[in-house]
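J.: For reference, the structure I am asking about is given below.
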Amino acid sequence: MKVVLEHLTKRFPSRNKKDKTEVVAVNDMSFEIPDGKLVGLLGPSGCGKSTVLNLICGLETPTEGRILFGEDDVTGLPPERRGVGLVFQNYALYPHLTVRQNILFPLQNLRGEQKLDKELMEEKALAAAKLVQIEQLMERKPSEMSGGQQQRVAIARALVKTPRVLLLDEPLSNLDARLRLQTREEIRRIQRETGVTTVFVTHDQEEAMSISDIIVVMKEGVLQQTGRPQEVYNDPANLFVAKFLGTPPINVFDGEVRGGTLYVGPDAVMELAGVADRPVTVGIRPEAFRVRDDGPLRCALETVEVMGRDTTIVSTHSALQGVSIRSVISAEYAEGVSGGEVRFYLKCAKVHLFDPESGERIRFTDAKAL
């Protein structure tokens, strides 16, 4: 089921008695979720991503704009008529009911033509349990299960009605690191097997990038960029997107373009084409750095962190915006790094320029590392 948001805006009344200015949670957002895809809604806490989810499922009504499921305008429909399955952050299971009863609950509340006989409901509940691999736990209650198992019950309950759209609101935030990894792989497997259009809300960029077909990056209610995860990472629209995506995060410097050459502080690091002389903000991905004895970017070495296959070199530079530079290189190239200075040359494709005032991307037509 294709989902289309058209100029979606949601404003809430202010709770400040002195300042009556409305709070804009979602601001003129438009994007399309293709049929059968898993889309990650990504952004920092308070950016409006959960509000978007609530608008899609009908728990909130938009101030302006439309929501379409396929060709159907569902903007004014109540949640129970939209055909959505919703999985909450805190699972929201009924503690006094067994797994079987929790999964059956949505089916037992169907009325009219949708009402099912008991045998068919049992078949659907068992099929949903098998899909999330908890069929052997059907008689347990939530208190007798781990967090990951409870999450699977919540997903089974959302899927049992065969929803047109599945909505997941930060479903992994209550799990430990190992279980988060396992459960996100399970969510991806389930989504592929069912083919249901899925919206996955998270503030964890690693989660979103690992399982999403498409990511939607938000900031303060405004859509910043959409696209395939790796495409957005490689080609960020602005400094916010560049800084939000990536672990370790992008390294940001004050720079300047003069006579077709990019300077980071006093160091001339690249030749550029297509950028006029001007001050710039320079974003350099951690994997862009290559150690070389005569490298043009001269940094003060702080420490070398060996992480098995890769090594992180921690250093500083006079033009750096931040505490330290984190550059990730292959362990074999870090063996000779020592002393007070480390020098790098840069992979041009991993270097991005931004306007120092607006943060918008400044594109160059060609580049050559010095």
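Here's how to read the names in the structure tokens: chain A, B, ... by the order shown, residue numbers from 1 in each chain, ligand numbers from 1 in the order shown.
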List as number ranges by chain the protein and nucleic acid residues near Phe12 in chain A, meaning an atom at most 12 Å away when only C-alpha atoms are counted, but skip any in the same chain fewer than 2 places from it.
T.: A: 9-10, 14-16, 20-27, 48, 51, 60-63
J.: So that I can see what lies close to Phe69 in chain A, please list as an mmCIF file with C-alpha atoms, in the first residue's frame the residues with an atom at most 12 Å from it, counting only C-alpha atoms and leaving out residues fewer than 3 positions away in the same chain.
T.:
data_model
loop_
_atom_site.group_PDB
_atom_site.id
_atom_site.type_symbol
_atom_site.label_atom_id
_atom_site.label_comp_id
_atom_site.auth_asym_id
_atom_site.auth_seq_id
_atom_site.Cartn_x
_atom_site.Cartn_y
_atom_site.Cartn_z
ATOM 1 C CA MET A 1 0.000 0.000 0.000
ATOM 2 C CA LYS A 2 1.497 3.303 -1.122
ATOM 3 C CA VAL A 3 1.270 6.100 1.459
ATOM 4 C CA VAL A 4 1.383 9.744 0.365
ATOM 5 C CA LEU A 5 1.673 12.762 2.649
ATOM 6 C CA GLU A 6 0.706 16.032 0.951
ATOM 7 C CA GLU A 32 5.703 9.306 -0.678
ATOM 8 C CA ILE A 33 6.214 5.872 0.845
ATOM 9 C CA PRO A 34 6.280 3.310 -1.988
ATOM 10 C CA ASP A 35 4.202 0.155 -1.716
ATOM 11 C CA ILE A 56 -0.661 8.494 9.568
ATOM 12 C CA CYS A 57 -2.491 6.170 11.960
ATOM 13 C CA ARG A 66 -3.803 15.257 3.242
ATOM 14 C CA ASP A 72 -7.923 6.648 -0.807
ATOM 15 C CA ASP A 73 -7.931 9.900 1.144
ATOM 16 C CA VAL A 74 -7.852 8.734 4.785
ATOM 17 C CA THR A 75 -7.262 12.171 6.346
ATOM 18 C CA LEU A 77 -10.937 8.474 8.862
ATOM 19 C CA ARG A 81 -10.991 2.283 9.683
ATOM 20 C CA ARG A 82 -7.523 2.953 8.251
ATOM 21 C CA GLY A 83 -6.246 -0.614 8.341
ATOM 22 C CA VAL A 84 -3.054 0.164 10.231
ATOM 23 C CA PRO A 163 -2.859 -4.237 8.066
ATOM 24 C CA ARG A 164 -2.367 -2.117 4.994
ATOM 25 C CA VAL A 165 0.363 -0.191 6.805
ATOM 26 C CA THR A 197 4.394 -1.070 3.866
#
J.: Counting only C-alpha atoms, figure out which residue out of A:Ala242, A:His203, A:Tyr91, A:Leu168 gets nearest to Arg361 in chain A.
T.: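 Ranking A:Ala242, A:His203, A:Tyr91, A:Leu168 by distance to Arg361 in chain A, first place goes to A:Ala242.
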J.: From the list A:Phe253, A:Phe105, A:Phe354, A:Phe364, which residue is nearest Ile284 in chain A when using only C-alpha atoms?
T.: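 That would be A:Phe253, the residue with the smallest distance to Ile284 in chain A.
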J.: Could you please determine the separation between CA of Arg326 in chain A and CA of Val241 in chain A in Å, to one decimal place?
T.: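 A separation of 18.3 Å between them.
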J.: Excluding Gly221 in chain A and any residue of its chain fewer than 2 positions from it, enumerate the residues within 12 Å of it, using only C-alpha atoms, and give them as a ChimeraX atom specification.
T.: /A:8-11,23-30,41-52,216-219,223-224
